[in-house]
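So this block is start-v3.cif, mmCIF, C-alpha atoms (C1' of nucleotides):
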data_start
#
loop_
_atom_site.group_PDB
_atom_site.id
_atom_site.type_symbol
_atom_site.label_atom_id
_atom_site.label_comp_id
_atom_site.auth_asym_id
_atom_site.auth_seq_id
_atom_site.Cartn_x
_atom_site.Cartn_y
_atom_site.Cartn_z
ATOM 1 C CA MET O 150 11.109 -29.209 -168.992
ATOM 2 C CA LEU O 151 12.800 -26.082 -167.840
ATOM 3 C CA LEU O 152 16.516 -25.843 -167.916
ATOM 4 C CA ASN O 153 17.799 -23.193 -165.617
ATOM 5 C CA SER O 154 17.438 -22.064 -162.056
ATOM 6 C CA GLY O 155 14.579 -19.911 -160.941
ATOM 7 C CA VAL O 156 12.311 -22.811 -161.656
ATOM 8 C CA THR O 157 10.928 -22.698 -158.174
ATOM 9 C CA ALA O 158 10.073 -19.025 -158.482
ATOM 10 C CA LEU O 159 8.318 -19.702 -161.754
ATOM 11 C CA SER O 160 6.438 -22.605 -160.262
ATOM 12 C CA LEU O 161 5.334 -20.460 -157.375
ATOM 13 C CA ARG O 162 3.987 -17.855 -159.716
ATOM 14 C CA ALA O 163 2.350 -20.493 -161.861
ATOM 15 C CA LYS O 164 0.692 -21.954 -158.817
ATOM 16 C CA LEU O 165 -0.567 -18.580 -157.723
ATOM 17 C CA PHE O 166 -2.001 -17.859 -161.147
ATOM 18 C CA ARG O 167 -3.500 -21.295 -161.344
ATOM 19 C CA GLY O 168 -5.304 -20.617 -158.120
ATOM 20 C CA LEU O 169 -6.769 -17.602 -159.884
ATOM 21 C CA ALA O 170 -7.359 -19.369 -163.184
ATOM 22 C CA ASP O 171 -10.817 -20.681 -162.531
ATOM 23 C CA SER O 172 -14.131 -18.918 -162.838
ATOM 24 C CA SER O 173 -15.528 -20.508 -159.715
ATOM 25 C CA ARG O 174 -12.604 -19.438 -157.592
ATOM 26 C CA LEU O 175 -12.680 -15.955 -159.068
ATOM 27 C CA ALA O 176 -16.374 -15.795 -158.229
ATOM 28 C CA ILE O 177 -15.560 -16.745 -154.655
ATOM 29 C CA LEU O 178 -12.821 -14.145 -154.452
ATOM 30 C CA ASP O 179 -15.217 -11.616 -155.894
ATOM 31 C CA VAL O 180 -17.695 -12.390 -153.151
ATOM 32 C CA LEU O 181 -14.966 -12.069 -150.536
ATOM 33 C CA ARG O 182 -13.876 -8.695 -151.835
ATOM 34 C CA ALA O 183 -16.891 -7.255 -150.053
ATOM 35 C CA GLY O 184 -15.796 -8.795 -146.773
ATOM 36 C CA PRO O 185 -15.780 -12.092 -144.876
ATOM 37 C CA ARG O 186 -18.485 -14.591 -145.719
ATOM 38 C CA SER O 187 -19.461 -17.999 -144.409
ATOM 39 C CA VAL O 188 -19.398 -21.039 -146.631
ATOM 40 C CA SER O 189 -23.170 -21.166 -146.898
ATOM 41 C CA GLN O 190 -23.236 -17.503 -147.878
ATOM 42 C CA ILE O 191 -20.643 -18.165 -150.536
ATOM 43 C CA VAL O 192 -22.620 -21.129 -151.781
ATOM 44 C CA GLU O 193 -25.713 -18.998 -152.108
ATOM 45 C CA LEU O 194 -23.967 -16.015 -153.678
ATOM 46 C CA THR O 195 -22.035 -17.997 -156.245
ATOM 47 C CA GLY O 196 -24.503 -20.760 -157.011
ATOM 48 C CA LEU O 197 -21.783 -23.369 -156.668
ATOM 49 C CA SER O 198 -22.573 -26.648 -154.976
ATOM 50 C CA GLN O 199 -21.576 -27.033 -151.382
ATOM 51 C CA SER O 200 -18.886 -29.626 -151.913
ATOM 52 C CA ASN O 201 -17.531 -27.818 -154.902
ATOM 53 C CA THR O 202 -17.352 -24.587 -152.940
ATOM 54 C CA SER O 203 -15.621 -26.358 -150.108
ATOM 55 C CA ASN O 204 -13.062 -27.828 -152.448
ATOM 56 C CA HIS O 205 -12.324 -24.476 -154.031
ATOM 57 C CA LEU O 206 -12.050 -22.864 -150.630
ATOM 58 C CA ALA O 207 -9.568 -25.521 -149.603
ATOM 59 C CA CYS O 208 -7.583 -24.778 -152.723
ATOM 60 C CA LEU O 209 -7.616 -21.046 -152.122
ATOM 61 C CA MET O 210 -6.616 -21.662 -148.528
ATOM 62 C CA ASP O 211 -3.720 -23.865 -149.505
ATOM 63 C CA CYS O 212 -2.582 -21.235 -151.933
ATOM 64 C CA GLY O 213 -2.662 -18.649 -149.184
ATOM 65 C CA LEU O 214 -5.170 -16.463 -150.951
ATOM 66 C CA ILE O 215 -7.814 -16.618 -148.267
ATOM 67 C CA ALA O 216 -7.937 -17.071 -144.497
ATOM 68 C CA ARG O 217 -10.534 -18.779 -142.354
ATOM 69 C CA GLU O 218 -12.020 -18.110 -138.996
ATOM 70 C CA GLN O 219 -14.484 -20.348 -137.262
ATOM 71 C CA GLN O 220 -17.450 -18.783 -135.491
ATOM 72 C CA GLY O 221 -19.739 -21.302 -133.914
ATOM 73 C CA ARG O 222 -20.615 -23.782 -136.568
ATOM 74 C CA TYR O 223 -19.993 -21.271 -139.301
ATOM 75 C CA VAL O 224 -16.644 -20.818 -140.950
ATOM 76 C CA PHE O 225 -15.923 -17.393 -142.316
ATOM 77 C CA TYR O 226 -13.466 -16.865 -145.090
ATOM 78 C CA ARG O 227 -11.828 -13.629 -146.134
ATOM 79 C CA LEU O 228 -9.108 -12.473 -148.492
ATOM 80 C CA SER O 229 -5.790 -13.027 -146.804
ATOM 81 C CA ASP O 230 -4.178 -9.964 -148.275
ATOM 82 C CA GLU O 231 -5.234 -6.636 -149.709
ATOM 83 C CA LYS O 232 -2.794 -7.171 -152.555
ATOM 84 C CA ILE O 233 -5.154 -9.734 -154.010
ATOM 85 C CA LYS O 234 -7.568 -6.972 -154.866
ATOM 86 C CA GLY O 235 -4.714 -5.123 -156.496
ATOM 87 C CA LEU O 236 -3.804 -8.143 -158.556
ATOM 88 C CA LEU O 237 -7.376 -8.557 -159.745
ATOM 89 C CA GLU O 238 -7.568 -4.878 -160.604
ATOM 90 C CA THR O 239 -4.327 -4.999 -162.527
ATOM 91 C CA ALA O 240 -5.640 -8.005 -164.377
ATOM 92 C CA ASP O 241 -8.794 -6.121 -165.281
ATOM 93 C CA GLU O 242 -6.780 -3.190 -166.563
ATOM 94 C CA LEU O 243 -4.784 -5.543 -168.716
ATOM 95 C CA LEU O 244 -7.938 -7.227 -169.899
ATOM 96 C CA ALA O 245 -9.336 -3.895 -170.952
ATOM 97 C CA GLU O 246 -6.529 -3.788 -173.489
ATOM 98 C CA VAL O 247 -6.216 -7.355 -174.565
ATOM 99 C CA ALA O 248 -9.817 -8.380 -173.981
ATOM 100 C CA ARG O 249 -10.493 -9.179 -177.558
ATOM 101 C CA GLY O 250 -7.436 -11.379 -177.843
ATOM 102 C CA VAL O 251 -8.232 -13.261 -174.657
ATOM 103 C CA TYR O 252 -11.849 -13.523 -175.600
ATOM 104 C CA GLU O 253 -10.924 -15.181 -178.834
ATOM 105 C CA CYS O 254 -8.323 -17.448 -177.298
ATOM 106 C CA THR O 255 -9.027 -20.975 -178.413
ATOM 107 C CA HIS O 256 -6.468 -22.769 -176.284
ATOM 108 C CA TYR O 257 -8.567 -22.885 -173.171
ATOM 109 C CA THR O 258 -12.266 -23.097 -172.977
ATOM 110 C CA THR O 259 -14.481 -21.673 -170.324
ATOM 111 C CA GLU O 260 -18.146 -22.029 -169.617
ATOM 112 C CA SER O 261 -18.834 -18.779 -171.443
ATOM 113 C CA ASP O 262 -17.590 -20.177 -174.706
ATOM 114 C CA GLN O 263 -21.071 -21.242 -175.637
ATOM 115 C CA ASP O 264 -22.023 -17.569 -175.945
ATOM 116 C CA HIS O 265 -18.874 -16.945 -177.864
ATOM 117 C CA LYS O 266 -20.227 -17.521 -181.313
ATOM 118 C CA GLU O 267 -23.638 -15.989 -180.965
ATOM 119 C CA ASN O 268 -22.743 -13.040 -178.829
ATOM 120 C CA GLN O 269 -19.722 -11.292 -180.258
ATOM 121 C CA ILE O 270 -18.153 -8.597 -178.122
ATOM 122 C CA MET H 649 -21.912 -23.837 -162.330
ATOM 123 C CA LEU H 650 -22.170 -20.152 -161.741
ATOM 124 C CA LEU H 651 -25.436 -18.525 -161.087
ATOM 125 C CA ASN H 652 -25.370 -14.855 -161.737
ATOM 126 C CA SER H 653 -24.334 -12.496 -164.467
ATOM 127 C CA GLY H 654 -20.780 -11.312 -164.877
ATOM 128 C CA VAL H 655 -19.902 -14.836 -165.829
ATOM 129 C CA THR H 656 -18.251 -13.674 -168.993
ATOM 130 C CA ALA H 657 -16.072 -11.221 -167.123
ATOM 131 C CA LEU H 658 -15.038 -13.953 -164.723
ATOM 132 C CA SER H 659 -14.289 -16.305 -167.577
ATOM 133 C CA LEU H 660 -12.172 -13.686 -169.246
ATOM 134 C CA ARG H 661 -10.156 -13.190 -166.115
ATOM 135 C CA ALA H 662 -9.875 -16.921 -165.608
ATOM 136 C CA LYS H 663 -8.611 -17.322 -169.131
ATOM 137 C CA LEU H 664 -6.043 -14.601 -168.664
ATOM 138 C CA PHE H 665 -4.787 -16.159 -165.462
ATOM 139 C CA ARG H 666 -4.742 -19.582 -167.016
ATOM 140 C CA GLY H 667 -2.523 -18.246 -169.725
ATOM 141 C CA LEU H 668 -0.195 -17.216 -166.923
ATOM 142 C CA ALA H 669 -0.656 -20.383 -164.898
ATOM 143 C CA ASP H 670 2.089 -22.469 -166.413
ATOM 144 C CA SER H 671 5.769 -22.452 -165.622
ATOM 145 C CA SER H 672 6.766 -22.814 -169.224
ATOM 146 C CA ARG H 673 4.710 -19.862 -170.345
ATOM 147 C CA LEU H 674 5.943 -17.783 -167.428
ATOM 148 C CA ALA H 675 9.476 -18.671 -168.420
ATOM 149 C CA ILE H 676 8.763 -17.478 -171.937
ATOM 150 C CA LEU H 677 7.238 -14.248 -170.670
ATOM 151 C CA ASP H 678 10.248 -13.805 -168.423
ATOM 152 C CA VAL H 679 12.528 -14.081 -171.411
ATOM 153 C CA LEU H 680 10.416 -11.594 -173.314
ATOM 154 C CA ARG H 681 10.533 -9.080 -170.489
ATOM 155 C CA ALA H 682 14.026 -8.234 -171.655
ATOM 156 C CA GLY H 683 12.785 -7.546 -175.171
ATOM 157 C CA PRO H 684 11.774 -9.298 -178.385
ATOM 158 C CA ARG H 685 13.245 -12.727 -179.027
ATOM 159 C CA SER H 686 13.021 -15.203 -181.856
ATOM 160 C CA VAL H 687 11.585 -18.653 -181.315
ATOM 161 C CA SER H 688 14.979 -20.283 -181.447
ATOM 162 C CA GLN H 689 16.301 -17.847 -178.889
ATOM 163 C CA ILE H 690 13.363 -18.616 -176.639
ATOM 164 C CA VAL H 691 13.955 -22.322 -177.095
ATOM 165 C CA GLU H 692 17.559 -21.926 -176.086
ATOM 166 C CA LEU H 693 16.884 -19.616 -173.161
ATOM 167 C CA THR H 694 14.094 -21.665 -171.664
ATOM 168 C CA GLY H 695 15.258 -25.178 -172.480
ATOM 169 C CA LEU H 696 11.817 -26.069 -173.770
ATOM 170 C CA SER H 697 11.503 -28.201 -176.876
ATOM 171 C CA GLN H 698 10.818 -26.468 -180.147
ATOM 172 C CA SER H 699 7.325 -27.780 -180.657
ATOM 173 C CA ASN H 700 6.416 -27.215 -177.064
ATOM 174 C CA THR H 701 7.655 -23.645 -177.253
ATOM 175 C CA SER H 702 5.715 -23.096 -180.419
ATOM 176 C CA ASN H 703 2.550 -24.408 -178.823
ATOM 177 C CA HIS H 704 2.941 -22.176 -175.800
ATOM 178 C CA LEU H 705 3.650 -19.203 -178.021
ATOM 179 C CA ALA H 706 0.488 -19.908 -179.949
ATOM 180 C CA CYS H 707 -1.407 -19.990 -176.690
ATOM 181 C CA LEU H 708 0.103 -16.736 -175.470
ATOM 182 C CA MET H 709 -0.648 -15.189 -178.854
ATOM 183 C CA ASP H 710 -4.243 -16.305 -178.774
ATOM 184 C CA CYS H 711 -4.589 -14.876 -175.315
ATOM 185 C CA GLY H 712 -3.236 -11.561 -176.534
ATOM 186 C CA LEU H 713 -0.306 -11.579 -174.165
ATOM 187 C CA ILE H 714 2.366 -11.482 -176.829
ATOM 188 C CA ALA H 715 2.725 -10.163 -180.359
ATOM 189 C CA ARG H 716 4.712 -11.512 -183.267
ATOM 190 C CA GLU H 717 6.707 -9.994 -186.046
ATOM 191 C CA GLN H 718 8.344 -11.903 -188.826
ATOM 192 C CA GLN H 719 11.838 -10.935 -189.892
ATOM 193 C CA GLY H 720 13.179 -13.073 -192.642
ATOM 194 C CA ARG H 721 12.807 -16.645 -191.564
ATOM 195 C CA TYR H 722 12.848 -15.670 -187.927
ATOM 196 C CA VAL H 723 9.748 -14.812 -185.992
ATOM 197 C CA PHE H 724 10.200 -12.419 -183.131
ATOM 198 C CA TYR H 725 7.835 -12.357 -180.212
ATOM 199 C CA ARG H 726 7.415 -9.624 -177.646
ATOM 200 C CA LEU H 727 5.095 -8.744 -174.810
ATOM 201 C CA SER H 728 1.996 -7.155 -176.276
ATOM 202 C CA ASP H 729 1.524 -4.758 -173.406
ATOM 203 C CA GLU H 730 3.593 -3.139 -170.694
ATOM 204 C CA LYS H 731 0.874 -3.953 -168.188
ATOM 205 C CA ILE H 732 1.914 -7.572 -168.335
ATOM 206 C CA LYS H 733 5.110 -6.675 -166.541
ATOM 207 C CA GLY H 734 3.021 -4.860 -163.975
ATOM 208 C CA LEU H 735 0.844 -7.876 -163.455
ATOM 209 C CA LEU H 736 3.843 -10.118 -162.959
ATOM 210 C CA GLU H 737 5.338 -7.637 -160.524
ATOM 211 C CA THR H 738 2.132 -7.377 -158.556
ATOM 212 C CA ALA H 739 2.004 -11.147 -158.434
ATOM 213 C CA ASP H 740 5.539 -11.257 -157.092
ATOM 214 C CA GLU H 741 4.697 -8.742 -154.413
ATOM 215 C CA LEU H 742 1.761 -10.848 -153.393
ATOM 216 C CA LEU H 743 3.891 -13.953 -153.444
ATOM 217 C CA ALA H 744 6.347 -12.308 -151.109
ATOM 218 C CA GLU H 745 3.583 -12.355 -148.549
ATOM 219 C CA VAL H 746 1.819 -15.583 -149.233
ATOM 220 C CA ALA H 747 4.762 -17.528 -150.607
ATOM 221 C CA ARG H 748 4.728 -20.098 -147.892
ATOM 222 C CA GLY H 749 1.063 -20.830 -148.389
ATOM 223 C CA VAL H 750 1.392 -21.135 -152.118
ATOM 224 C CA TYR H 751 4.500 -23.210 -151.786
ATOM 225 C CA GLU H 752 2.691 -25.662 -149.601
ATOM 226 C CA CYS H 753 -0.410 -25.762 -151.744
ATOM 227 C CA THR H 754 -1.177 -29.351 -152.516
ATOM 228 C CA HIS H 755 -4.010 -28.788 -154.938
ATOM 229 C CA TYR H 756 -1.829 -28.244 -157.936
ATOM 230 C CA THR H 757 1.506 -29.753 -158.610
ATOM 231 C CA THR H 758 4.330 -28.200 -160.502
ATOM 232 C CA GLU H 759 7.603 -29.573 -161.682
ATOM 233 C CA SER H 760 9.333 -28.176 -158.621
ATOM 234 C CA ASP H 761 7.326 -30.327 -156.295
ATOM 235 C CA GLN H 762 10.005 -32.984 -156.355
ATOM 236 C CA ASP H 763 12.252 -30.606 -154.449
ATOM 237 C CA HIS H 764 9.383 -29.788 -152.191
ATOM 238 C CA LYS H 765 9.964 -32.518 -149.685
ATOM 239 C CA GLU H 766 13.711 -32.418 -149.488
ATOM 240 C CA ASN H 767 14.224 -28.707 -149.784
ATOM 241 C CA GLN H 768 11.942 -26.903 -147.394
ATOM 242 C CA ILE H 769 11.793 -23.148 -147.746
ATOM 243 C "C1'" DT C 1063 -27.972 -37.926 -125.835
ATOM 244 C "C1'" DT C 1064 -30.022 -37.247 -130.136
ATOM 245 C "C1'" DA C 1065 -31.290 -34.491 -134.059
ATOM 246 C "C1'" DT C 1066 -30.069 -30.879 -136.955
ATOM 247 C "C1'" DT C 1067 -27.340 -27.782 -139.339
ATOM 248 C "C1'" DG C 1068 -22.865 -26.287 -141.417
ATOM 249 C "C1'" DT C 1069 -18.657 -27.723 -143.361
ATOM 250 C "C1'" DA C 1070 -15.146 -31.003 -145.032
ATOM 251 C "C1'" DT C 1071 -13.578 -35.120 -147.342
ATOM 252 C "C1'" DC C 1072 -13.592 -38.957 -150.500
ATOM 253 C "C1'" DA C 1073 -14.119 -41.874 -154.802
ATOM 254 C "C1'" DG C 1074 -15.143 -41.788 -159.445
ATOM 255 C "C1'" DC C 1075 -16.022 -39.682 -163.870
ATOM 256 C "C1'" DA C 1076 -15.553 -36.546 -167.769
ATOM 257 C "C1'" DA C 1077 -12.965 -33.195 -169.706
ATOM 258 C "C1'" DT C 1078 -8.854 -30.486 -170.275
ATOM 259 C "C1'" DT C 1079 -4.058 -29.976 -170.894
ATOM 260 C "C1'" DA C 1080 1.165 -30.248 -171.467
ATOM 261 C "C1'" DA C 1081 4.548 -32.723 -173.679
ATOM 262 C "C1'" DT C 1082 6.560 -35.523 -177.346
ATOM 263 C "C1'" DG C 1083 7.858 -37.091 -181.949
ATOM 264 C "C1'" DA C 1084 6.833 -36.760 -186.549
ATOM 265 C "C1'" DT C 1085 5.625 -34.059 -190.200
ATOM 266 C "C1'" DA C 1086 4.396 -29.854 -192.766
ATOM 267 C "C1'" DT C 1087 5.017 -25.090 -194.087
ATOM 268 C "C1'" DG C 1088 7.764 -21.117 -195.204
ATOM 269 C "C1'" DA C 1089 11.842 -18.385 -196.079
ATOM 270 C "C1'" DT C 1090 16.511 -18.019 -197.536
ATOM 271 C "C1'" DG C 1091 20.854 -19.165 -199.838
ATOM 272 C "C1'" DA C 1092 23.498 -22.091 -203.024
ATOM 273 C "C1'" DT L 568 15.429 -25.414 -208.526
ATOM 274 C "C1'" DC L 569 17.055 -27.705 -204.472
ATOM 275 C "C1'" DA L 570 18.812 -27.959 -199.828
ATOM 276 C "C1'" DT L 571 18.630 -26.033 -195.431
ATOM 277 C "C1'" DC L 572 17.144 -23.696 -191.610
ATOM 278 C "C1'" DA L 573 13.268 -21.655 -188.663
ATOM 279 C "C1'" DT L 574 8.785 -22.213 -187.242
ATOM 280 C "C1'" DA L 575 4.139 -24.331 -187.049
ATOM 281 C "C1'" DT L 576 0.922 -28.117 -186.788
ATOM 282 C "C1'" DC L 577 -0.801 -32.744 -185.811
ATOM 283 C "C1'" DA L 578 -1.830 -37.139 -183.351
ATOM 284 C "C1'" DT L 579 -1.025 -39.460 -179.341
ATOM 285 C "C1'" DT L 580 -0.228 -40.143 -174.539
ATOM 286 C "C1'" DA L 581 -0.042 -39.318 -169.655
ATOM 287 C "C1'" DA L 582 -1.321 -36.480 -166.144
ATOM 288 C "C1'" DT L 583 -4.179 -32.978 -164.035
ATOM 289 C "C1'" DT L 584 -8.441 -30.901 -162.844
ATOM 290 C "C1'" DG L 585 -13.354 -29.670 -161.776
ATOM 291 C "C1'" DC L 586 -17.564 -31.560 -160.599
ATOM 292 C "C1'" DT L 587 -20.899 -34.596 -158.389
ATOM 293 C "C1'" DG L 588 -22.973 -37.539 -154.938
ATOM 294 C "C1'" DA L 589 -22.247 -39.814 -150.849
ATOM 295 C "C1'" DT L 590 -20.460 -39.737 -146.533
ATOM 296 C "C1'" DA L 591 -17.939 -38.063 -142.478
ATOM 297 C "C1'" DC L 592 -17.068 -34.656 -139.040
ATOM 298 C "C1'" DA L 593 -18.179 -30.736 -135.958
ATOM 299 C "C1'" DA L 594 -20.983 -27.557 -133.455
ATOM 300 C "C1'" DT L 595 -25.259 -26.286 -131.611
ATOM 301 C "C1'" DA L 596 -30.081 -26.976 -130.112
ATOM 302 C "C1'" DA L 597 -33.788 -29.764 -128.349
#
Is it possible to express this structure as structure tokens?
Amino acid sequence: MLLNSGVTALSLRAKLFRGLADSSRLAILDVLRAGPRSVSQIVELTGLSQSNTSNHLACLMDCGLIAREQQGRYVFYRLSDEKIKGLLETADELLAEVARGVYECTHYTTESDQDHKENQI
Amino acid sequence: MLLNSGVTALSLRAKLFRGLADSSRLAILDVLRAGPRSVSQIVELTGLSQSNTSNHLACLMDCGLIAREQQGRYVFYRLSDEKIKGLLETADELLAEVARGVYECTHYTTESDQDHKENQI
DNA sequence: TTATTGTATCAGCAATTAATGATATGATGA
DNA sequence: TCATCATATCATTAATTGCTGATACAATAA
């Protein structure tokens, strides 16, 4: 439990990062970097199931990272802010330096961890 | 499940963000922004328990976000890379714009969510 | 209206994760 | 050596989270 003030600010940041801390959501954001896409397009491009995609989109919406616009029976999503690209780029720059450390991090597992042993960086 | 290649890159990013997606760890990183600190200093400054702090430090270490240096019986931790500050700053800039959305995100809860109802932004 | 297509929601499950308390290790000083 | 202080690890627990399948809702077309 945190002691001091500023807890809310920290929680906000944590929430933002948590929105970004999932491969599926990052894949969606990656798709949206190229421009607005409908849900079915996102489903096809990411390979996620429809309901799963919808859930992640709802999450990203709630977190303010994407915006939606309905067109007929399609719903198009797009990045809500250009700064999101910047954040992802900054993250990649950081990764370029700490990649090995992150790659070997054992505290959280991701779906790529199967490759981990056989396919060293 | 993700379809295409680039999965590893996405997982790496996800892992990095997950390392940042916790209030306690962000609090620790915040403390370390001012410079190296020993574990006991971090414990005192964050209000986290000793074992909890140690666990989070291990996580941040594994993820390559911090580095450690032993001095006597103290262990000092510091940010491993200046870019981490940049990432946190970029995140704050983004938050300045999407704060309301993130604040109202219901998909993930944080310890500040108790205030949420009573203390609207 | 009815059928169809696109999207959202819901319940349940499996897995992950943060926190705690207890204990172990490691370094220093008496 | 022994006691003490600083840090790390371990087992357990409670809570969160992602995914799936089923179903509901919404918009268009027939």
Quick one: distance from C1' of DG585 (chain L) to CA of Ser173 (chain O) in Å, one decimal?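 Straight-line distance from C1' of DG585 (chain L) to CA of Ser173 (chain O) works out to 9.6 Å.
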Since I can't run it myself right now, could you work out what the PyMOL selection byres ((chain L) within 12 of (chain H)) selects here and report it as a list in words?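 Evaluating the PyMOL selection byres ((chain L) within 12 of (chain H)) on these coordinates yields DT571, DC572, DA573, DT574, DA575, DT576, DC577, DA582, DT583, DT584, DG585, DC586 and DT587 of chain L.
Summary of the local environment: counting all atoms listed in the file, residues at most 10 Å from DG1083 (chain C), other than itself and those fewer than 2 positions away along its chain, are Ser699 of chain H; DA1081 and DT1085 of chain C; DA578 and DT579 of chain L.
For the file at hand, the PyMOL selection byres ((chain O and resi 177-185) around 9) resolves to Leu169, Ser172, Ser173, Arg174, Leu175, Ala176, Arg186, Ser187, Ile191, Val192, Leu194, Thr195, Thr202, His205, Leu206, Leu209, Leu214, Ile215, Arg217, Phe225, Tyr226, Arg227, Leu228, Ile233 and Lys234 of chain O.
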Those residues you just picked out, can you put them in a file as a PDB file, in the frame of the given file with C-alpha atoms?
ATOM      1  CA  LEU O 169      -6.769 -17.602-159.884  1.00  0.00           C
ATOM      2  CA  SER O 172     -14.131 -18.918-162.838  1.00  0.00           C
ATOM      3  CA  SER O 173     -15.528 -20.508-159.715  1.00  0.00           C
ATOM      4  CA  ARG O 174     -12.604 -19.438-157.592  1.00  0.00           C
ATOM      5  CA  LEU O 175     -12.680 -15.955-159.068  1.00  0.00           C
ATOM      6  CA  ALA O 176     -16.374 -15.795-158.229  1.00  0.00           C
ATOM      7  CA  ARG O 186     -18.485 -14.591-145.719  1.00  0.00           C
ATOM      8  CA  SER O 187     -19.461 -17.999-144.409  1.00  0.00           C
ATOM      9  CA  ILE O 191     -20.643 -18.165-150.536  1.00  0.00           C
ATOM     10  CA  VAL O 192     -22.620 -21.129-151.781  1.00  0.00           C
ATOM     11  CA  LEU O 194     -23.967 -16.015-153.678  1.00  0.00           C
ATOM     12  CA  THR O 195     -22.035 -17.997-156.245  1.00  0.00           C
ATOM     13  CA  THR O 202     -17.352 -24.587-152.940  1.00  0.00           C
ATOM     14  CA  HIS O 205     -12.324 -24.476-154.031  1.00  0.00           C
ATOM     15  CA  LEU O 206     -12.050 -22.864-150.630  1.00  0.00           C
ATOM     16  CA  LEU O 209      -7.616 -21.046-152.122  1.00  0.00           C
ATOM     17  CA  LEU O 214      -5.170 -16.463-150.951  1.00  0.00           C
ATOM     18  CA  ILE O 215      -7.814 -16.618-148.267  1.00  0.00           C
ATOM     19  CA  ARG O 217     -10.534 -18.779-142.354  1.00  0.00           C
ATOM     20  CA  PHE O 225     -15.923 -17.393-142.316  1.00  0.00           C
ATOM     21  CA  TYR O 226     -13.466 -16.865-145.090  1.00  0.00           C
ATOM     22  CA  ARG O 227     -11.828 -13.629-146.134  1.00  0.00           C
ATOM     23  CA  LEU O 228      -9.108 -12.473-148.492  1.00  0.00           C
ATOM     24  CA  ILE O 233      -5.154  -9.734-154.010  1.00  0.00           C
ATOM     25  CA  LYS O 234      -7.568  -6.972-154.866  1.00  0.00           C
TER      26      LYS O 234
END
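Of the listed residues (O:Leu236, O:Gln190, O:Ser229, O:Gly213), O:Gln190 comes nearest to chain C; the distances count only C-alpha atoms (C1' of nucleotides).
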Expected answer as a list of chain:residue names: all residues with atoms within 9 Å of (-22.2, -40.7, -151.3), all atoms listed in the file: C:DC1072, C:DA1073, L:DG588, L:DA589, L:DT590
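We find CA of Asp710 (chain H) and C1' of DG1088 (chain C) to be spaced 20.9 Å apart.
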At what distance in Å, to one decimal, does CA of Phe665 (chain H) lie from CA of Glu193 (chain O)? 25.0 Å
Result set, the PyMOL selection byres ((chain C and resi 1092) around 12) on current file, as a PyMOL selection string: (chain C and resi 1090-1091) or (chain L and resi 568-571)
Dump C-alpha atoms (C1' of nucleotides) for the selected residues as a PDB file, in the frame of the given file?
ATOM      1  C1'  DT C1090      16.511 -18.019-197.536  1.00  0.00           C
ATOM      2  C1'  DG C1091      20.854 -19.165-199.838  1.00  0.00           C
TER       3       DG C1091
ATOM      4  C1'  DT L 568      15.429 -25.414-208.526  1.00  0.00           C
ATOM      5  C1'  DC L 569      17.055 -27.705-204.472  1.00  0.00           C
ATOM      6  C1'  DA L 570      18.812 -27.959-199.828  1.00  0.00           C
ATOM      7  C1'  DT L 571      18.630 -26.033-195.431  1.00  0.00           C
TER       8       DT L 571
END
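Applying a distance limit of 8 Å to only C-alpha atoms (C1' of nucleotides), the residues of chain C near chain O read DG1068, DT1069 and DA1070 of chain C.
For the choices H:Leu743, H:Ala662, H:Leu736, H:Ala715, the atom-to-atom distance to chain O is smallest for H:Ala662 when using all atoms listed in the file.
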Can you tell me, as AutoDock Vina command-line options, the centre and edge lengths (Å, one decimal) of the axis-aligned box enclosing all of region 197-209 of chain O's listed atoms after padding each side by 4 Å?
--center_x -15.1 --center_y -25.3 --center_z -153.1 --size_x 23.0 --size_y 16.6 --size_z 15.1
Please provide the set of residues having any atom within 12 Å of DT1066 (chain C), restricted to all atoms listed in the file, with same-chain residues fewer than 3 positions apart removed, written as an NGL selection string. (:O and (222)) or (:L and (593-597))
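Residue nearest chain H, chosen from O:Gly168, O:Cys212, O:Asn201, O:Glu218 and counting all atoms listed in the file: O:Cys212.
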